$ cat query-v5.txt   # compact mmCIF, C-alpha atoms
# COMPACT_ATOMS: atom_id res chain seq x y z
CA MET A 1 0.00 0.00 0.00
CA SER A 2 2.97 2.30 0.19
CA ASP A 3 3.50 2.66 -3.53
CA ASP A 4 0.70 3.68 -5.84
CA PRO A 5 -0.07 1.19 -8.62
CA LYS A 6 1.14 2.29 -12.00
CA GLU A 7 -1.39 0.78 -14.36
CA LYS A 8 -5.06 1.56 -14.72
CA ASP A 9 -7.30 -1.50 -14.37
CA ASP A 10 -10.36 -1.73 -16.59
CA SER A 11 -11.81 -4.98 -15.23
CA ILE A 12 -14.01 -3.03 -12.80
CA ASP A 13 -16.51 -0.45 -14.01
CA ALA A 14 -15.45 2.58 -11.95
CA THR A 15 -18.67 4.50 -12.61
CA HIS A 16 -20.89 1.61 -11.52
CA LEU A 17 -18.78 0.97 -8.40
CA GLN A 18 -18.78 4.68 -7.54
CA VAL A 19 -22.57 4.85 -7.65
CA TRP A 20 -22.84 1.87 -5.32
CA LEU A 21 -20.21 3.14 -2.87
CA GLU A 22 -21.79 6.60 -2.68
CA ARG A 23 -25.01 4.88 -1.66
CA ALA A 24 -23.57 2.16 0.60
CA LEU A 25 -20.45 3.66 2.25
CA HIS A 26 -20.94 6.64 4.52
CA GLY A 27 -18.78 9.60 3.53
CA PHE A 28 -17.72 8.19 0.15
CA GLN A 29 -17.74 10.78 -2.60
CA GLY A 30 -16.40 10.48 -6.16
CA PRO A 31 -15.17 10.88 -8.76
CA LEU A 32 -13.42 7.51 -8.44
CA THR A 33 -10.35 6.14 -10.18
CA ILE A 34 -9.17 2.54 -9.84
CA LYS A 35 -5.69 1.08 -10.23
CA LYS A 36 -4.52 -2.45 -9.54
CA PHE A 37 -1.65 -3.24 -7.20
CA GLU A 38 1.04 -5.61 -8.39
CA GLY A 39 1.18 -9.01 -6.72
CA GLY A 40 -2.00 -10.42 -5.23
CA GLN A 41 -1.63 -13.96 -6.54
CA SER A 42 -4.89 -15.01 -4.88
CA ASN A 43 -7.17 -12.04 -4.34
CA PRO A 44 -6.56 -9.02 -6.59
CA THR A 45 -6.15 -5.73 -4.77
CA TYR A 46 -7.01 -2.26 -6.06
CA LEU A 47 -6.37 1.32 -5.05
CA LEU A 48 -9.54 3.41 -5.00
CA ARG A 49 -8.73 7.10 -5.20
CA THR A 50 -11.15 9.97 -4.71
CA PRO A 51 -10.40 13.68 -4.33
CA ARG A 52 -10.83 13.39 -0.55
CA ARG A 53 -9.18 10.10 0.38
CA LYS A 54 -7.87 6.70 -0.70
CA TYR A 55 -9.29 3.25 -0.05
CA VAL A 56 -8.26 -0.28 -0.95
CA LEU A 57 -10.55 -2.88 -2.51
CA ARG A 58 -9.85 -6.63 -2.24
CA SER A 59 -11.88 -8.99 -4.40
CA GLN A 60 -12.12 -12.55 -5.47
CA PRO A 61 -10.44 -13.16 -8.83
CA PRO A 62 -12.69 -13.29 -11.87
CA GLY A 63 -13.60 -16.67 -13.30
CA GLU A 64 -13.91 -20.10 -11.75
CA ILE A 65 -13.37 -20.31 -7.97
CA VAL A 66 -12.04 -23.50 -6.33
CA GLY A 67 -14.29 -24.42 -3.41
CA GLY A 68 -13.29 -22.66 -0.17
CA ALA A 69 -10.67 -20.46 -1.82
CA HIS A 70 -10.51 -16.64 -2.13
CA ALA A 71 -12.57 -16.10 1.01
CA VAL A 72 -12.71 -12.30 1.12
CA ASP A 73 -15.56 -12.53 3.60
CA ARG A 74 -13.19 -14.22 6.08
CA GLU A 75 -10.60 -11.50 5.55
CA TYR A 76 -13.23 -8.88 6.26
CA ARG A 77 -14.51 -10.60 9.40
CA ALA A 78 -11.04 -11.19 10.88
CA MET A 79 -9.94 -7.58 10.41
CA HIS A 80 -13.26 -6.23 11.64
CA ALA A 81 -12.93 -8.32 14.83
CA LEU A 82 -9.33 -7.24 15.45
CA ASP A 83 -9.99 -3.53 14.88
CA GLY A 84 -8.79 -1.71 17.98
CA GLN A 85 -6.95 -4.73 19.39
CA ILE A 86 -3.19 -5.05 19.94
CA VAL A 87 -2.68 -6.53 16.44
CA PRO A 88 -2.69 -3.68 13.89
CA VAL A 89 -5.04 -4.16 10.93
CA PRO A 90 -6.50 -1.86 8.27
CA LYS A 91 -9.95 -0.55 9.15
CA VAL A 92 -12.49 -2.38 6.99
CA ARG A 93 -15.45 -0.37 5.78
CA ILE A 94 -17.87 -2.55 3.83
CA LEU A 95 -18.29 -6.08 2.47
CA CYS A 96 -20.18 -6.71 -0.77
CA GLU A 97 -21.42 -10.18 -1.71
CA ASP A 98 -23.68 -9.00 -4.54
CA PRO A 99 -22.18 -10.12 -7.88
CA ALA A 100 -24.16 -7.43 -9.67
CA ILE A 101 -21.75 -4.74 -8.45
CA ILE A 102 -18.39 -5.86 -9.92
CA GLY A 103 -19.12 -9.51 -10.77
CA ARG A 104 -17.50 -11.02 -7.66
CA ASN A 105 -17.34 -10.60 -3.88
CA PHE A 106 -15.18 -7.80 -2.49
CA TYR A 107 -14.63 -5.55 0.49
CA VAL A 108 -13.30 -2.03 0.95
CA MET A 109 -10.87 -0.93 3.67
CA ASP A 110 -8.89 2.17 4.51
CA PHE A 111 -5.60 2.79 2.74
CA VAL A 112 -2.64 2.32 5.10
CA ASP A 113 0.44 4.36 4.32
CA GLY A 114 3.73 2.60 5.02
CA ASP A 115 6.45 0.34 3.68
CA ILE A 116 6.25 -3.25 2.46
CA LEU A 117 9.61 -5.01 2.77
CA TRP A 118 9.59 -7.79 0.20
CA GLN A 119 12.73 -9.73 1.16
CA PRO A 120 13.40 -11.18 4.64
CA ASP A 121 17.11 -10.34 4.45
CA LEU A 122 16.04 -6.66 4.49
CA PRO A 123 18.49 -5.30 1.90
CA ASP A 124 16.93 -1.81 2.09
CA VAL A 125 17.20 -1.59 5.90
CA ARG A 126 20.36 -0.44 7.67
CA PRO A 127 22.07 -3.45 9.30
CA GLU A 128 21.86 -1.99 12.79
CA ASN A 129 18.06 -1.75 12.47
CA ARG A 130 17.39 -5.21 11.04
CA PRO A 131 17.03 -7.01 14.42
CA LYS A 132 14.35 -4.47 15.38
CA TYR A 133 12.26 -5.35 12.32
CA PHE A 134 12.54 -9.06 13.10
CA ASP A 135 11.58 -8.35 16.70
CA ALA A 136 8.52 -6.40 15.50
CA MET A 137 7.44 -9.32 13.29
CA ASN A 138 7.95 -11.82 16.09
CA ARG A 139 6.06 -9.68 18.61
CA THR A 140 3.14 -9.07 16.24
CA LEU A 141 2.59 -12.77 15.54
CA ALA A 142 2.92 -13.62 19.25
CA ASP A 143 0.41 -10.87 20.05
CA LEU A 144 -2.04 -12.38 17.58
CA HIS A 145 -1.66 -15.84 19.10
CA ASN A 146 -2.22 -14.38 22.57
CA VAL A 147 -5.58 -12.86 21.61
CA ASP A 148 -8.54 -14.78 23.03
CA PRO A 149 -10.77 -15.57 20.01
CA ALA A 150 -13.94 -15.43 22.11
CA ALA A 151 -13.02 -11.98 23.44
CA VAL A 152 -13.12 -10.53 19.92
CA GLY A 153 -16.14 -12.51 18.70
CA LEU A 154 -14.19 -15.09 16.70
CA ASN A 155 -14.88 -18.19 18.81
CA ASP A 156 -16.91 -19.62 15.89
CA PHE A 157 -14.43 -18.51 13.21
CA GLY A 158 -13.20 -22.09 12.81
CA ARG A 159 -13.21 -25.49 14.47
CA ALA A 160 -10.47 -25.72 17.07
CA GLU A 161 -10.31 -29.51 17.20
CA ASN A 162 -8.15 -31.47 14.73
CA TYR A 163 -6.98 -28.30 13.02
CA LEU A 164 -3.78 -29.73 11.58
CA SER A 165 -5.50 -32.90 10.32
CA ARG A 166 -8.15 -30.81 8.61
CA GLN A 167 -5.53 -28.53 7.10
CA ILE A 168 -3.63 -31.49 5.67
CA HIS A 169 -6.87 -32.85 4.23
CA ARG A 170 -7.88 -29.46 2.83
CA TRP A 171 -4.64 -28.72 1.01
CA SER A 172 -4.25 -32.30 -0.20
CA ARG A 173 -7.76 -32.16 -1.62
CA GLN A 174 -7.23 -28.75 -3.17
CA TYR A 175 -3.97 -29.91 -4.78
CA ARG A 176 -5.57 -33.08 -6.14
CA ALA A 177 -8.68 -31.27 -7.39
CA ASP A 178 -6.71 -28.99 -9.72
CA GLU A 179 -6.37 -31.38 -12.62
CA ARG A 180 -5.21 -28.66 -14.99
CA ALA A 181 -1.99 -28.20 -13.00
CA GLY A 182 -1.32 -31.96 -13.00
CA ARG A 183 -0.38 -34.52 -10.36
CA ILE A 184 3.08 -34.84 -8.78
CA GLU A 185 4.21 -38.15 -7.27
CA ARG A 186 6.13 -36.50 -4.41
CA MET A 187 3.11 -34.36 -3.49
CA ASP A 188 0.91 -37.46 -3.44
CA ARG A 189 3.34 -39.31 -1.19
CA MET A 190 3.75 -36.37 1.19
CA ALA A 191 0.00 -35.92 1.45
CA ASP A 192 -0.45 -39.55 2.43
CA TRP A 193 2.40 -39.52 4.97
CA LEU A 194 1.37 -36.24 6.60
CA ALA A 195 -2.20 -37.49 7.00
CA ALA A 196 -1.02 -40.73 8.61
CA ASN A 197 1.43 -39.13 11.05
CA THR A 198 -0.29 -35.96 12.27
CA PRO A 199 0.71 -35.00 15.84
CA ASP A 200 -1.77 -33.78 18.43
CA SER A 201 -2.52 -30.07 18.69
CA THR A 202 -0.72 -28.05 21.36
CA GLY A 203 -3.05 -25.05 21.58
CA VAL A 204 -5.77 -22.93 20.03
CA SER A 205 -5.62 -19.35 18.80
CA ILE A 206 -6.51 -17.07 15.93
CA VAL A 207 -4.14 -17.99 13.11
CA HIS A 208 -3.28 -15.70 10.21
CA GLY A 209 -2.36 -18.48 7.81
CA ASP A 210 0.04 -16.47 5.62
CA PHE A 211 2.21 -14.49 8.03
CA ARG A 212 5.16 -13.40 5.88
CA ILE A 213 7.18 -10.20 5.84
CA ASN A 214 5.57 -9.06 2.59
CA ASN A 215 2.13 -9.33 4.20
CA LEU A 216 3.12 -6.73 6.78
CA MET A 217 3.01 -2.98 6.43
CA PHE A 218 5.71 -1.20 8.42
CA LYS A 219 5.60 2.45 9.37
CA HIS A 220 7.82 4.59 7.17
CA ASP A 221 11.47 4.03 8.10
CA ARG A 222 10.50 2.61 11.50
CA PRO A 223 10.65 -0.98 12.81
CA GLU A 224 7.00 -0.93 13.81
CA VAL A 225 4.20 -2.89 12.16
CA ALA A 226 1.48 -0.55 10.91
CA ALA A 227 -0.85 -3.26 9.62
CA VAL A 228 -1.06 -7.00 9.03
CA LEU A 229 -2.49 -7.68 5.56
CA ASP A 230 -3.96 -10.61 3.59
CA TRP A 231 -6.18 -12.46 6.08
CA GLU A 232 -7.71 -14.83 3.50
CA LEU A 233 -6.42 -17.98 5.23
CA SER A 234 -7.18 -16.86 8.78
CA THR A 235 -9.17 -19.14 11.09
CA ILE A 236 -9.08 -20.71 14.53
CA GLY A 237 -6.35 -23.30 14.84
CA ASP A 238 -2.99 -24.36 16.21
CA PRO A 239 -0.64 -21.39 16.69
CA VAL A 240 2.39 -23.68 16.21
CA THR A 241 1.28 -24.39 12.64
CA ASP A 242 0.94 -20.66 12.04
CA PHE A 243 4.33 -19.87 13.55
CA ALA A 244 5.96 -22.69 11.55
CA PHE A 245 4.68 -21.13 8.33
CA HIS A 246 6.31 -17.85 9.31
CA LEU A 247 9.50 -19.71 10.28
CA MET A 248 9.78 -21.14 6.76
CA MET A 249 11.77 -18.04 5.85
CA TYR A 250 14.73 -19.75 7.53
CA ARG A 251 14.25 -22.95 5.50
CA VAL A 252 13.77 -21.47 2.02
CA PRO A 253 16.86 -20.46 0.00
CA SER A 254 17.42 -16.88 -1.03
CA GLY A 255 17.43 -16.01 -4.70
CA ILE A 256 14.28 -17.93 -5.68
CA GLN A 257 10.68 -16.79 -6.10
CA GLY A 258 9.42 -16.04 -2.59
CA GLY A 259 12.93 -16.67 -1.31
CA GLY A 260 14.10 -16.74 2.29
CA LEU A 261 17.26 -16.79 4.35
CA LYS A 262 18.67 -20.28 3.88
CA GLY A 263 22.29 -20.16 2.73
CA LEU A 264 22.88 -16.57 3.86
CA ASN A 265 25.33 -15.49 6.55
CA LEU A 266 22.84 -14.28 9.13
CA SER A 267 25.50 -13.00 11.48
CA ALA A 268 27.05 -10.86 8.76
CA LEU A 269 23.60 -9.51 7.88
CA ASN A 270 22.92 -8.81 11.57
CA LEU A 271 19.82 -11.01 11.51
CA PRO A 272 18.75 -13.30 14.37
CA SER A 273 19.33 -17.03 14.07
CA GLU A 274 16.39 -19.39 13.75
CA THR A 275 17.04 -20.67 17.28
CA ASP A 276 17.00 -17.17 18.77
CA TYR A 277 13.86 -16.30 16.81
CA ILE A 278 12.08 -19.39 18.15
CA LEU A 279 13.17 -18.59 21.70
CA ALA A 280 11.79 -15.03 21.42
CA TYR A 281 8.43 -16.35 20.22
CA CYS A 282 8.32 -18.95 23.01
CA GLU A 283 9.05 -16.31 25.63
CA ARG A 284 6.27 -14.08 24.33
CA THR A 285 3.72 -16.90 24.24
CA GLY A 286 4.65 -18.56 27.52
CA ARG A 287 6.17 -21.69 25.99
CA THR A 288 9.27 -23.58 27.01
CA SER A 289 9.52 -25.45 23.68
CA ILE A 290 7.59 -26.19 20.48
CA PRO A 291 6.78 -29.91 20.10
CA ASP A 292 6.78 -31.41 16.61
CA LEU A 293 8.01 -28.17 15.05
CA GLN A 294 9.70 -30.06 12.21
CA PHE A 295 6.42 -31.72 11.25
CA HIS A 296 4.66 -28.35 11.20
CA ILE A 297 7.38 -26.88 8.98
CA ALA A 298 7.16 -29.87 6.63
CA PHE A 299 3.41 -29.48 6.36
CA ASN A 300 3.67 -25.76 5.68
CA LEU A 301 6.14 -26.28 2.86
CA PHE A 302 3.78 -28.90 1.43
CA ARG A 303 0.94 -26.41 1.76
CA PHE A 304 3.00 -23.67 0.10
CA ALA A 305 3.78 -26.04 -2.78
CA ALA A 306 0.04 -26.74 -3.05
CA ILE A 307 -0.65 -23.00 -3.19
CA ILE A 308 1.86 -22.55 -6.01
CA HIS A 309 0.31 -25.59 -7.71
CA GLY A 310 -3.01 -23.73 -7.59
CA ILE A 311 -1.39 -20.58 -9.03
CA LYS A 312 -0.04 -22.73 -11.86
CA GLY A 313 -3.53 -24.06 -12.51
CA ARG A 314 -5.02 -20.56 -12.61
CA ALA A 315 -2.24 -19.39 -14.92
CA LEU A 316 -2.93 -22.28 -17.31
CA ARG A 317 -6.67 -21.57 -17.21
CA GLY A 318 -6.09 -17.85 -17.77
CA THR A 319 -7.81 -16.83 -14.50
CA ALA A 320 -4.74 -15.77 -12.47
CA SER A 321 -5.10 -12.38 -10.78
CA SER A 322 -1.46 -11.41 -11.34
CA ALA A 323 0.51 -11.08 -14.56
CA LYS A 324 3.41 -12.71 -12.70
CA ALA A 325 1.52 -15.96 -12.12
CA HIS A 326 3.58 -17.93 -14.65
CA GLU A 327 6.78 -16.68 -12.98
CA VAL A 328 5.53 -17.78 -9.56
CA ALA A 329 4.35 -21.13 -10.93
CA SER A 330 7.81 -21.80 -12.33
CA ALA A 331 9.04 -22.27 -8.75
CA LEU A 332 6.71 -25.20 -8.14
CA ASP A 333 9.34 -27.92 -8.52
CA ILE A 334 11.70 -26.08 -6.16
CA TYR A 335 9.07 -25.92 -3.40
CA VAL A 336 7.99 -29.51 -3.93
CA ASN A 337 11.60 -30.58 -3.41
CA LEU A 338 12.00 -28.33 -0.36
CA ALA A 339 8.84 -29.80 1.15
CA TRP A 340 10.08 -33.31 0.35
CA ASP A 341 13.39 -32.71 2.14
CA GLU A 342 11.73 -31.22 5.23
CA THR A 343 9.15 -34.02 5.34
CA ARG A 344 11.93 -36.59 5.31
CA LEU A 345 13.56 -34.74 8.20
CA ALA A 346 10.21 -35.08 10.00
CA GLY A 347 10.44 -38.86 9.65
CA MET A 348 9.05 -39.85 6.26
CA GLN A 349 10.93 -42.80 4.80
$ encode --input "query-v5.txt" --output "structure tokens"
Amino acid sequence: MSDDPKEKDDSIDATHLQVWLERALHGFQGPLTIKKFEGGQSNPTYLLRTPRRKYVLRSQPPGEIVGGAHAVDREYRAMHALDGQIVPVPKVRILCEDPAIIGRNFYVMDFVDGDILWQPDLPDVRPENRPKYFDAMNRTLADLHNVDPAAVGLNDFGRAENYLSRQIHRWSRQYRADERAGRIERMDRMADWLAANTPDSTGVSIVHGDFRINNLMFKHDRPEVAAVLDWELSTIGDPVTDFAFHLMMYRVPSGIQGGGLKGLNLSALNLPSETDYILAYCERTGRTSIPDLQFHIAFNLFRFAAIIHGIKGRALRGTASSAKAHEVASALDIYVNLAWDETRLAGMQ
């Protein structure tokens, strides 16, 4: 949200949307211009600009929707519930589930001004400040996991029991359902092994589901999180699974699509080690250790490979929301192999 999009987007009728927003959203006044943000592999995101203020619109992608995917209504509900809590989120304004408006579900939220840092090695941050940004990420995720779901009206946001088993089933099913993207023997084997060896849950919390550095908005030139973005995969579940997804940045090599920190000299970059990062999270959440962390990391890499598999399918069908979908999909084999290696470390023979 820090950089204005550069290209006009004509897939939404600005005049029609403006008429609806002037009627449905208090204080909205045109004229309206719409531009699409880059990225947004799942749910396309648009800048709405009026003479008085800026908003952001998140929508489902056009075309065929895989069951359960692109849940903008869940994004809206999670951010609405967390508004005013310790976890910073954009203020959501209105949810529209009437396809007559733009042809798909969407919601509108306030524009948040700040910086998105796309790479976890923080090349654009001064080395002496990098630990502070990592500490802010760690603290924000711990704060989320410490929120009582019932206290913010999210006790029915998901089923707490058997979260990891259901996640494995969901992503295995979603991977196997996308016939256009094809089947992969290693993905099939991992899906079977993960389902047969799922450990018991160790807790229940609100989980973000996609907590990565590029889904955080930092305040300009300050190691402080201004907003957590992209709540599509949020639910009630095991916080260890959520933290393990975030921790994948330490297990993914740099220099690839969506790359991480593996292979870099963390000390030279003045970045915390994985061990220290885990200890900080444990301290903030009252844990002494994280059981079965390797399994959770293996699952999350499998899940990430399944997500890229879905992006590949949308790219092949011509329904991808981002022009970079083919570039992202090209990393599928890399992530399948990373997931395979981590699953073997978890005990798969």
$ residues_around --input "query-v5.txt" --residues "A:Val89" --least-positions-apart "4" --cutoff "7 Å" --atoms "only C-alpha atoms" --output "PyMOL selection string"
chain A and resi 79+82-83+227-229
$ closest_atom_pairs --input "query-v5.txt" --of "stretch 75-124 of chain A" --to "stretch 16-20 of chain A" --cutoff "12 Å" --atoms "only C-alpha atoms" --output "JSON lines"
{"residue": "A:Ile94", "atom": "CA", "partner": "A:Trp20", "partner_atom": "CA", "distance": 11.3}
{"residue": "A:Cys96", "atom": "CA", "partner": "A:Trp20", "partner_atom": "CA", "distance": 10.1}
{"residue": "A:Asp98", "atom": "CA", "partner": "A:Trp20", "partner_atom": "CA", "distance": 10.9}
{"residue": "A:Pro99", "atom": "CA", "partner": "A:Leu17", "partner_atom": "CA", "distance": 11.6}
{"residue": "A:Ala100", "atom": "CA", "partner": "A:His16", "partner_atom": "CA", "distance": 9.8}
{"residue": "A:Ile101", "atom": "CA", "partner": "A:Leu17", "partner_atom": "CA", "distance": 6.4}
{"residue": "A:Ile102", "atom": "CA", "partner": "A:Leu17", "partner_atom": "CA", "distance": 7.0}
{"residue": "A:Gly103", "atom": "CA", "partner": "A:Leu17", "partner_atom": "CA", "distance": 10.8}
{"residue": "A:Phe106", "atom": "CA", "partner": "A:Leu17", "partner_atom": "CA", "distance": 11.2}
{"residue": "A:Tyr107", "atom": "CA", "partner": "A:Leu17", "partner_atom": "CA", "distance": 11.8}
{"residue": "A:Val108", "atom": "CA", "partner": "A:Leu17", "partner_atom": "CA", "distance": 11.2}
$ closest_residue --input "query-v5.txt" --among "A:Glu38, A:Leu122, A:Ala81, A:Pro88" --to "A:Asn270" --atoms "all atoms listed in the file"
A:Leu122
$ atom_distance --input "query-v5.txt" --atom1 "atom CA of A:Glu327" --atom2 "atom CA of A:Phe304"
15.3 Å
$ atom_distance --input "query-v5.txt" --atom1 "atom CA of A:Phe245" --atom2 "atom CA of A:Phe302"
10.4 Å
$ residues_around --input "query-v5.txt" --residues "stretch 235-237 of chain A" --least-positions-apart "6" --cutoff "7 Å" --atoms "only C-alpha atoms" --output "VMD selection string"
chain A and resid 157 to 160 163 204 to 208
$ closest_residue --input "query-v5.txt" --among "A:Lys262, A:Gly286, A:Arg222, A:Val92" --to "A:Pro120" --atoms "all atoms listed in the file"
A:Lys262
$ residues_around --input "query-v5.txt" --residues "A:Arg186" --least-positions-apart "2" --cutoff "10 Å" --atoms "only C-alpha atoms" --output "list of chain:residue names"
A:Arg183, A:Ile184, A:Asp188, A:Arg189, A:Met190, A:Ala191, A:Asp192, A:Phe302, A:Val336, A:Asn337, A:Ala339, A:Trp340
$ closest_residue --input "query-v5.txt" --among "A:Ala325, A:Leu345, A:Leu233, A:Ile297" --to "A:His309" --atoms "all atoms listed in the file"
A:Ala325
$ atom_distance --input "query-v5.txt" --atom1 "atom CA of A:Val328" --atom2 "atom CA of A:Met137"
24.4 Å
$ closest_residue --input "query-v5.txt" --among "A:Lys132, A:His296, A:Arg173, A:Arg23" --to "A:Phe218" --atoms "all atoms listed in the file"
A:Lys132
